[in-house]
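*Asks:* work-v8.cif is reproduced in full below (mmCIF, C-alpha atoms).
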data_upload
#
loop_
_atom_site.label_atom_id
_atom_site.label_comp_id
_atom_site.auth_asym_id
_atom_site.auth_seq_id
_atom_site.Cartn_x
_atom_site.Cartn_y
_atom_site.Cartn_z
CA MET A 1 111.01 -54.04 -93.98
CA SER A 2 109.00 -55.48 -91.11
CA ARG A 3 105.90 -57.61 -91.55
CA LEU A 4 104.03 -54.55 -90.30
CA LEU A 5 104.72 -52.39 -93.34
CA ASP A 6 104.63 -53.14 -97.05
CA ILE A 7 103.91 -49.67 -98.42
CA ASP A 8 102.38 -49.46 -101.89
CA THR A 9 100.36 -46.22 -101.57
CA ILE A 10 101.42 -42.83 -100.19
CA TYR A 11 99.06 -39.88 -99.74
CA LEU A 12 101.04 -36.65 -99.49
CA GLU A 13 100.39 -32.98 -98.92
CA PRO A 14 101.81 -30.51 -101.50
CA ALA A 15 104.69 -29.27 -99.29
CA VAL A 16 106.04 -32.70 -98.38
CA GLU A 17 108.79 -32.73 -100.99
CA ASP A 18 110.02 -29.33 -99.77
CA HIS A 19 111.32 -31.06 -96.62
CA ALA A 20 114.37 -33.31 -96.42
CA ARG A 21 112.45 -35.80 -94.27
CA GLY A 22 109.70 -35.98 -96.91
CA ARG A 23 112.24 -36.71 -99.63
CA GLU A 24 113.89 -39.31 -97.39
CA ILE A 25 110.63 -41.19 -96.84
CA LEU A 26 109.63 -41.07 -100.50
CA GLY A 27 113.08 -42.41 -101.35
CA ARG A 28 112.54 -45.40 -99.09
CA PHE A 29 109.40 -46.38 -100.98
CA PRO A 30 110.24 -45.52 -104.61
CA ASP A 31 107.68 -47.90 -106.11
CA ALA A 32 104.73 -46.69 -104.04
CA ARG A 33 101.87 -44.95 -105.83
CA ARG A 34 101.75 -41.27 -104.84
CA ILE A 35 98.40 -39.56 -104.41
CA PRO A 36 98.47 -35.78 -103.73
CA VAL A 37 95.97 -34.54 -101.13
CA ALA A 38 95.20 -31.09 -99.79
CA SER A 39 95.29 -32.17 -96.15
CA HIS A 40 96.34 -35.27 -94.22
CA TRP A 41 93.17 -34.80 -92.13
CA ASN A 42 90.82 -34.94 -95.11
CA ILE A 43 91.26 -38.08 -97.20
CA PRO A 44 87.82 -39.49 -97.99
CA ASP A 45 89.24 -42.92 -98.87
CA LEU A 46 90.65 -43.27 -95.37
CA HIS A 47 89.33 -40.87 -92.77
CA GLY A 48 85.84 -41.04 -91.44
CA ASN A 49 85.35 -44.22 -93.43
CA ALA A 50 84.25 -46.94 -91.07
CA GLY A 51 83.25 -48.85 -94.19
CA SER A 52 86.92 -49.64 -94.71
CA VAL A 53 86.96 -51.73 -91.58
CA GLU A 54 86.76 -55.04 -93.44
CA ASP A 55 90.02 -54.03 -95.17
CA TRP A 56 91.52 -52.40 -92.09
CA VAL A 57 94.68 -54.51 -91.72
CA ARG A 58 95.60 -54.23 -95.40
CA ILE A 59 95.25 -50.44 -95.26
CA LYS A 60 97.46 -50.23 -92.17
CA ARG A 61 100.15 -52.38 -93.76
CA SER A 62 100.18 -50.85 -97.24
CA THR A 63 99.30 -47.16 -96.84
CA LEU A 64 101.29 -44.19 -95.59
CA VAL A 65 100.22 -40.55 -95.24
CA LEU A 66 102.74 -37.70 -95.28
CA GLY A 67 101.94 -34.22 -94.04
CA VAL A 68 103.26 -31.07 -92.43
CA LYS A 69 102.53 -30.57 -88.74
CA LYS A 70 100.79 -27.23 -88.24
CA GLY A 71 100.46 -26.86 -84.46
CA LEU A 72 103.84 -27.09 -82.71
CA ALA A 73 102.81 -26.32 -79.13
CA SER A 74 103.67 -28.57 -76.18
CA ARG A 75 100.73 -28.89 -73.83
CA PRO A 76 100.66 -29.77 -70.12
CA ASN A 77 99.92 -33.36 -69.16
CA GLY A 78 100.80 -34.09 -65.52
CA ARG A 79 100.06 -37.81 -65.69
CA SER A 80 102.51 -39.95 -67.60
CA ALA A 81 104.59 -36.92 -68.61
CA HIS A 82 104.84 -33.26 -67.74
CA PHE A 83 104.11 -32.24 -71.33
CA ILE A 84 102.79 -33.71 -74.56
CA ALA A 85 105.23 -32.72 -77.30
CA PRO A 86 104.05 -31.86 -80.81
CA SER A 87 103.64 -35.21 -82.53
CA SER A 88 105.93 -36.42 -85.27
CA SER A 89 103.17 -38.81 -86.35
CA ASN A 90 99.70 -40.12 -85.71
CA GLY A 91 97.98 -43.35 -86.56
CA CYS A 92 99.54 -46.78 -86.42
CA ALA A 93 100.25 -49.90 -88.46
CA MET A 94 99.06 -52.04 -85.58
CA ALA A 95 95.36 -52.58 -84.91
CA CYS A 96 94.74 -52.97 -81.19
CA ALA A 97 91.03 -53.36 -80.67
CA TYR A 98 90.83 -50.85 -77.80
CA CYS A 99 93.00 -48.09 -79.31
CA TYR A 100 91.78 -44.53 -78.68
CA VAL A 101 93.78 -42.86 -81.48
CA PRO A 102 91.49 -43.81 -84.42
CA ARG A 103 88.50 -42.22 -82.68
CA ARG A 104 89.92 -38.85 -83.63
CA LYS A 105 90.50 -39.67 -87.27
CA GLY A 106 87.76 -41.91 -88.53
CA TYR A 107 89.05 -45.34 -87.41
CA ALA A 108 90.58 -46.56 -90.69
CA ASN A 109 93.79 -44.59 -90.19
CA PRO A 110 97.25 -45.84 -91.15
CA ILE A 111 100.44 -44.05 -90.09
CA THR A 112 100.69 -40.34 -90.85
CA LEU A 113 104.27 -39.05 -90.66
CA PHE A 114 104.98 -35.35 -90.32
CA VAL A 115 107.97 -34.29 -92.38
CA ASN A 116 108.79 -30.96 -90.68
CA THR A 117 110.68 -32.72 -87.90
CA GLU A 118 113.33 -30.01 -87.68
CA GLY A 119 110.61 -27.49 -86.83
CA ILE A 120 109.13 -29.89 -84.28
CA GLY A 121 112.55 -30.27 -82.68
CA ARG A 122 113.11 -26.52 -82.49
CA ALA A 123 109.71 -26.03 -80.87
CA ILE A 124 110.46 -28.67 -78.21
CA THR A 125 113.89 -27.17 -77.53
CA ARG A 126 112.43 -23.68 -77.06
CA HIS A 127 109.72 -24.97 -74.76
CA ALA A 128 112.17 -26.92 -72.61
CA ALA A 129 114.50 -23.94 -72.35
CA ALA A 130 111.64 -21.81 -71.06
CA GLN A 131 110.94 -24.25 -68.19
CA GLY A 132 114.30 -24.03 -66.44
CA PRO A 133 115.29 -26.88 -64.11
CA LEU A 134 112.68 -29.25 -62.70
CA PRO A 135 111.90 -27.59 -59.33
CA ALA A 136 111.77 -30.85 -57.36
CA PRO A 137 111.43 -34.60 -57.92
CA ASP A 138 107.86 -35.69 -58.57
CA GLN A 139 105.90 -38.79 -59.57
CA ILE A 140 106.85 -38.28 -63.22
CA ASP A 141 110.62 -37.99 -62.82
CA ASP A 142 113.34 -37.24 -60.28
CA ARG A 143 115.46 -34.89 -62.42
CA TYR A 144 113.94 -33.89 -65.74
CA TRP A 145 110.90 -32.44 -67.40
CA VAL A 146 109.40 -35.37 -69.33
CA TYR A 147 107.90 -34.91 -72.80
CA ASP A 148 105.69 -37.62 -74.28
CA ILE A 149 106.75 -37.73 -77.94
CA GLY A 150 104.45 -40.57 -79.03
CA GLU A 151 100.94 -39.76 -77.83
CA ASN A 152 99.17 -40.58 -81.09
CA GLY A 153 101.08 -43.54 -82.47
CA ASP A 154 103.87 -46.04 -81.83
CA LEU A 155 107.31 -44.62 -82.52
CA SER A 156 108.95 -48.05 -82.65
CA VAL A 157 106.89 -48.70 -85.77
CA ASP A 158 107.42 -45.19 -87.18
CA ALA A 159 111.16 -45.88 -87.04
CA LEU A 160 110.69 -48.53 -89.74
CA ALA A 161 109.73 -45.81 -92.19
CA CYS A 162 112.07 -42.89 -91.42
CA ASP A 163 114.72 -41.48 -89.08
CA SER A 164 112.45 -39.11 -87.14
CA VAL A 165 112.62 -41.21 -83.98
CA ARG A 166 116.41 -41.41 -84.13
CA ASP A 167 116.49 -37.62 -84.46
CA LEU A 168 114.15 -37.12 -81.49
CA VAL A 169 116.23 -39.40 -79.28
CA GLY A 170 119.29 -37.38 -80.29
CA LEU A 171 117.45 -34.12 -79.63
CA PHE A 172 116.66 -35.01 -76.02
CA ARG A 173 120.17 -36.31 -75.49
CA ALA A 174 121.27 -32.70 -75.99
CA ILE A 175 118.52 -30.92 -74.00
CA PRO A 176 119.95 -30.52 -70.48
CA ASN A 177 116.71 -30.36 -68.49
CA ALA A 178 114.35 -32.75 -70.31
CA LYS A 179 113.88 -36.34 -71.38
CA ALA A 180 111.62 -38.01 -73.94
CA SER A 181 109.08 -40.73 -73.26
CA PHE A 182 106.92 -42.98 -75.41
CA ALA A 183 104.94 -46.18 -75.06
CA THR A 184 105.31 -49.09 -77.45
CA LYS A 185 103.88 -52.51 -78.21
CA PHE A 186 106.47 -53.33 -80.89
CA VAL A 187 110.06 -54.45 -80.37
CA ASN A 188 112.23 -52.63 -82.89
CA ARG A 189 115.84 -53.51 -82.14
CA ASP A 190 117.12 -50.83 -84.50
CA LEU A 191 116.45 -48.41 -81.63
CA LEU A 192 119.23 -50.08 -79.62
CA ALA A 193 121.76 -48.15 -81.74
CA TYR A 194 120.29 -44.69 -81.01
CA ALA A 195 122.49 -43.94 -77.95
CA PRO A 196 119.84 -42.29 -75.73
CA GLU A 197 122.21 -41.85 -72.75
CA ALA A 198 119.35 -42.22 -70.25
CA LYS A 199 117.43 -39.30 -71.79
CA THR A 200 114.65 -41.36 -73.38
CA ARG A 201 112.15 -43.46 -71.45
CA ILE A 202 110.53 -46.35 -73.31
CA ARG A 203 107.38 -47.75 -71.74
CA PHE A 204 106.71 -51.29 -72.91
CA SER A 205 102.99 -51.98 -72.72
CA LEU A 206 102.29 -55.32 -71.06
CA MET A 207 99.17 -57.37 -70.40
CA PRO A 208 98.39 -61.08 -69.91
CA GLU A 209 99.33 -63.04 -73.01
CA ARG A 210 95.98 -64.84 -73.20
CA VAL A 211 94.14 -61.53 -73.56
CA ALA A 212 96.78 -59.89 -75.73
CA ARG A 213 96.35 -62.60 -78.36
CA VAL A 214 92.78 -61.36 -78.79
CA VAL A 215 93.01 -57.58 -78.47
CA ASP A 216 96.64 -56.65 -79.33
CA VAL A 217 96.43 -57.16 -83.08
CA ARG A 218 99.69 -57.10 -85.11
CA THR A 219 101.89 -56.34 -82.09
CA SER A 220 104.98 -58.05 -80.66
CA GLY A 221 104.11 -60.88 -78.28
CA MET A 222 104.53 -60.48 -74.53
CA PRO A 223 107.57 -62.81 -74.29
CA GLU A 224 109.33 -60.75 -76.97
CA ARG A 225 108.55 -57.47 -75.18
CA ILE A 226 109.76 -58.79 -71.83
CA ALA A 227 112.91 -60.25 -73.41
CA ALA A 228 113.75 -56.86 -74.92
CA ILE A 229 113.75 -54.91 -71.66
CA ASP A 230 117.24 -55.92 -70.51
CA ASP A 231 118.70 -55.08 -73.92
CA PHE A 232 117.10 -51.63 -73.99
CA VAL A 233 118.34 -50.88 -70.48
CA ALA A 234 121.85 -51.95 -71.51
CA ALA A 235 121.59 -49.66 -74.56
CA GLY A 236 121.01 -46.63 -72.35
CA TYR A 237 117.23 -46.32 -72.23
CA GLU A 238 115.19 -45.93 -69.11
CA VAL A 239 112.63 -48.72 -69.46
CA HIS A 240 109.32 -48.71 -67.62
CA ALA A 241 106.22 -50.90 -67.92
CA ASN A 242 102.77 -49.81 -68.97
CA PHE A 243 100.33 -52.28 -67.44
CA SER A 244 97.73 -51.23 -69.93
CA PRO A 245 94.93 -51.62 -70.52
CA VAL A 246 93.80 -53.57 -67.50
CA ILE A 247 90.74 -55.47 -68.73
CA LEU A 248 88.43 -57.07 -66.19
CA TYR A 249 87.10 -60.60 -66.72
CA GLU A 250 86.79 -63.83 -64.79
CA GLY A 251 90.31 -64.84 -63.76
CA TRP A 252 92.03 -61.53 -64.50
CA GLU A 253 94.01 -61.49 -61.26
CA GLU A 254 95.63 -64.86 -61.81
CA ASP A 255 96.51 -63.94 -65.38
CA TRP A 256 98.24 -60.78 -64.16
CA ARG A 257 100.04 -62.77 -61.47
CA THR A 258 101.39 -65.04 -64.22
CA LEU A 259 102.56 -62.01 -66.21
CA PHE A 260 104.26 -60.43 -63.18
CA ARG A 261 106.11 -63.68 -62.49
CA ALA A 262 107.23 -63.92 -66.11
CA LEU A 263 108.47 -60.33 -65.92
CA ASP A 264 110.34 -61.00 -62.67
CA ALA A 265 111.97 -64.11 -64.11
CA GLY A 266 112.91 -62.34 -67.34
CA LEU A 267 114.72 -59.27 -65.95
CA LYS A 268 118.29 -58.84 -64.78
CA PRO A 269 119.08 -56.79 -61.65
CA ALA A 270 119.90 -53.62 -63.61
CA ALA A 271 116.46 -53.58 -65.23
CA LYS A 272 114.70 -54.34 -61.96
CA ALA A 273 116.54 -51.53 -60.17
CA GLN A 274 115.14 -48.86 -62.49
CA LEU A 275 111.72 -50.37 -63.21
CA LYS A 276 108.59 -48.34 -62.58
CA ALA A 277 105.10 -48.75 -63.96
CA GLU A 278 101.92 -47.07 -65.06
CA ILE A 279 98.57 -48.77 -64.51
CA ILE A 280 95.77 -47.82 -66.86
CA PHE A 281 92.37 -49.48 -66.73
CA LEU A 282 90.44 -49.89 -69.96
CA THR A 283 88.44 -47.03 -71.42
CA HIS A 284 86.23 -48.11 -74.31
CA ASN A 285 84.12 -46.18 -76.77
CA ALA A 286 80.63 -46.77 -78.13
CA ALA A 287 81.49 -45.89 -81.73
CA LEU A 288 84.61 -48.08 -81.68
CA HIS A 289 82.49 -50.91 -80.28
CA ASP A 290 80.19 -50.69 -83.30
CA VAL A 291 83.15 -50.72 -85.69
CA ASN A 292 84.85 -53.63 -83.93
CA LEU A 293 81.72 -55.75 -84.19
CA ARG A 294 82.22 -55.70 -87.96
CA TRP A 295 85.81 -56.96 -87.98
CA HIS A 296 86.74 -58.37 -84.56
CA PRO A 297 83.67 -59.26 -82.46
CA LYS A 298 85.69 -61.66 -80.30
CA ALA A 299 87.54 -58.70 -78.83
CA GLU A 300 84.28 -57.00 -77.90
CA ALA A 301 83.36 -59.89 -75.62
CA LEU A 302 86.24 -58.67 -73.43
CA LEU A 303 86.02 -54.93 -74.03
CA TRP A 304 82.29 -54.22 -74.00
CA ARG A 305 80.99 -54.90 -70.48
CA PRO A 306 78.10 -52.50 -69.76
CA ASP A 307 77.26 -54.64 -66.73
CA ILE A 308 80.40 -53.32 -64.98
CA GLN A 309 81.02 -50.15 -67.03
CA GLU A 310 79.45 -46.70 -66.99
CA THR A 311 79.17 -44.02 -69.65
CA LYS A 312 81.24 -40.88 -69.41
CA ARG A 313 81.14 -38.08 -71.98
CA SER A 314 84.68 -37.16 -73.05
CA GLU A 315 85.98 -33.63 -73.50
CA GLY A 316 85.63 -34.18 -77.24
CA GLY A 317 81.96 -35.12 -76.87
CA MET A 318 82.38 -38.86 -77.41
CA GLU A 319 80.52 -41.49 -75.41
CA ASN A 320 83.20 -43.45 -73.56
CA LEU A 321 82.76 -46.40 -71.22
CA ARG A 322 84.86 -46.83 -68.08
CA TYR A 323 84.62 -49.28 -65.24
CA ARG A 324 82.14 -48.06 -62.64
CA THR A 325 83.67 -45.47 -60.38
CA GLY A 326 83.06 -47.08 -56.98
CA TRP A 327 84.17 -50.52 -58.10
CA LYS A 328 87.13 -49.33 -60.16
CA GLY A 329 88.84 -48.01 -57.04
CA ARG A 330 88.53 -51.42 -55.39
CA TRP A 331 89.84 -53.24 -58.47
CA LEU A 332 92.75 -50.81 -58.72
CA SER A 333 93.62 -51.44 -55.07
CA ARG A 334 93.59 -55.18 -55.70
CA PHE A 335 95.82 -54.72 -58.75
CA LYS A 336 98.35 -52.64 -56.79
CA ALA A 337 98.38 -55.17 -53.96
CA LEU A 338 99.06 -57.98 -56.41
CA LEU A 339 101.84 -55.98 -58.05
CA ALA A 340 103.45 -55.20 -54.69
CA GLU A 341 103.30 -58.87 -53.75
CA GLU A 342 104.89 -60.15 -56.96
CA LEU A 343 107.16 -57.22 -57.98
CA PRO A 344 107.93 -55.30 -54.78
CA TYR A 345 110.73 -53.35 -56.48
CA CYS A 346 108.39 -51.93 -59.16
CA GLY A 347 107.04 -48.57 -58.04
CA VAL A 348 103.85 -47.12 -59.52
CA ARG A 349 104.31 -43.72 -61.14
CA TYR A 350 100.76 -43.28 -62.33
CA ALA A 351 97.47 -45.17 -62.05
CA PHE A 352 94.18 -44.41 -63.73
#
Using the file provided, produce a representation of the structure as structure tokens.
*Replies:*
Amino acid sequence: MSRLLDIDTIYLEPAVEDHARGREILGRFPDARRIPVASHWNIPDLHGNAGSVEDWVRIKRSTLVLGVKKGLASRPNGRSAHFIAPSSSNGCAMACAYCYVPRRKGYANPITLFVNTEGIGRAITRHAAAQGPLPAPDQIDDRYWVYDIGENGDLSVDALACDSVRDLVGLFRAIPNAKASFATKFVNRDLLAYAPEAKTRIRFSLMPERVARVVDVRTSGMPERIAAIDDFVAAGYEVHANFSPVILYEGWEEDWRTLFRALDAGLKPAAKAQLKAEIIFLTHNAALHDVNLRWHPKAEALLWRPDIQETKRSEGGMENLRYRTGWKGRWLSRFKALLAEELPYCGVRYAF
């Protein structure tokens, strides 16, 4: 098992053992203590408990939650993907200081795996069948409807605990008009054996190494992520880059230039020929800022910049901070110009 997971406690909903995937996961961790819960959303020891922040990394490494996914709808996206597929998981064993996922679940959230993966797969298949062919190439894809299958976690890490990711890759291999997509910050070379046949897009998240060492907690290092790209392309994946999050500080442009040059030097022609990117500037959150100050204040020196950020109320009612609207457009233009200068073959699919 990876350094990321050393499971000794599993919270599980009553129906988990009725599903083959639930029995599979429990079989992988036979010595873990099992704690029955009524709902994966309502575990007082974990969810809504910012007081656990001092023990955050231990919880992420040692705790797993198993549940049954209730809502199986795919919803429109139109940015990184055409649709957000029903999630096979949420939460993460990594602890990136800027992550938006914990805001929805009380911050101290380890991985939750949903065991009704066959039902999730059937729902995706039905939805894709109802779409028909992609009418025309667009900024998301030239041929297929794209479904983001990892919105609320990191599937490369989930694959350490069960075969759900392998099954999803196989599912999209068989769907004629759709492909899967997910972003990752963890290099899991087990995925190289999944035979995606160009029907799964992996987006490796990349940022300057100097900053990543502060904010990308428990993730694979940038050199390891870059070194993996050629291998994943050779294994049949479409591999794109997520330049995300772009964090502004003194010297950010030169740090990104260094990253772009490392990426250019590290890729073979086949990887370069299919490379595209997303650019996502940092969005922070007031409540997450308060939590981070208790366990990782060094990160907040980079993330919390009210002098160049403005408050924007999210759809969920949270107070988020984004770089000021007028200036953000200028910074984004500078970023794109730098990218075009250093990696002229890397098109931009999406920028925010």
*Asks:* So the first atom is CA of Glu254 (chain A) and the second is CA of Trp331 (chain A); what is the distance between them in Å, to one decimal place?
*Replies:*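 According to the coordinates, CA of Glu254 (chain A) and CA of Trp331 (chain A) are separated by 13.4 Å.
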*Asks:* Excluding same-chain residues fewer than 4 positions from Arg322 (chain A), what lies within 12 Å of it counting all atoms listed in the file, as a ChimeraX atom specification?
*Replies:* /A:245-248,280-286,303-314,326-329,352
*Asks:* Could you state which residues are captured by the PyMOL selection byres ((chain A and resi 133-146) around 9) in this file, as a list of chain:residue names?
*Replies:*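 When the PyMOL selection byres ((chain A and resi 133-146) around 9) is applied to the shown file, the picked residues are A:Gly78, A:Arg79, A:Ser80, A:Ala81, A:His82, A:Phe83, A:Ile84, A:Ala128, A:Ala129, A:Gln131, A:Gly132, A:Tyr147, A:Asp148, A:Pro176, A:Asn177, A:Ala178, A:Lys179, A:Ala180, A:Ser181, A:Lys199, A:Thr200, A:Arg201, A:Val348, A:Arg349, A:Tyr350.
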*Asks:* Residues near His296 (chain A), anyone? I mean within 12 Å using all atoms listed in the file, not counting same-chain ones fewer than 4 positions away, as a ChimeraX atom specification.
*Replies:* /A:53-57,95-98,214-217,288-292,300-303
*Asks:* Write out as a short mmCIF file (atom, residue, chain, number, x, y, z; two decimals) with C-alpha atoms, in the frame of the given file which residues come within 6 Å of Cys346 (chain A) when counting all atoms listed in the file, dropping same-chain ones fewer than 2 positions away.
*Replies:*
data_model
loop_
_atom_site.label_atom_id
_atom_site.label_comp_id
_atom_site.auth_asym_id
_atom_site.auth_seq_id
_atom_site.Cartn_x
_atom_site.Cartn_y
_atom_site.Cartn_z
CA LEU A 275 111.72 -50.37 -63.21
CA LYS A 276 108.59 -48.34 -62.58
CA LEU A 343 107.16 -57.22 -57.98
CA PRO A 344 107.93 -55.30 -54.78
#
*Asks:* Select, from A:Ala32, A:Val233, A:Ile124, A:Leu293, the residue with the minimum atom-to-atom distance to Gln274 (chain A), counting all atoms listed in the file.
*Replies:*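 Checking each candidate against Gln274 (chain A), we get A:Val233 as the closest.
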*Asks:* Which value, in Å to one decimal, gives the distance between CA of Asp154 (chain A) and CA of Arg3 (chain A)?
*Replies:*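 Here the two named atoms are 15.2 Å from each other.
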*Asks:* State, in Å with one decimal place, the distance from CA of Asn77 (chain A) to CA of Phe182 (chain A).
*Replies:* 13.4 Å
*Asks:* Apply the PyMOL selection byres ((chain A and resi 242) around 7) to the displayed file and report the matching residues as a PyMOL selection string.
*Replies:* chain A and resi 203-206+240-241+243-244+277-279
*Asks:* Name every residue that the PyMOL selection byres ((chain A and resi 257) around 10) selects in this structure, writing the answer as a ChimeraX atom specification with chains first and numbers rising.
*Replies:* /A:208,252-256,258-263,335,338-339,341-343
*Asks:* Using all atoms listed in the file, pick whichever of A:Asn109, A:Leu72, A:Glu17, A:Ala183 has the shortest atom-to-atom distance to Ile43 (chain A).
*Replies:*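 Checking each candidate against Ile43 (chain A), we get A:Asn109 as the closest.
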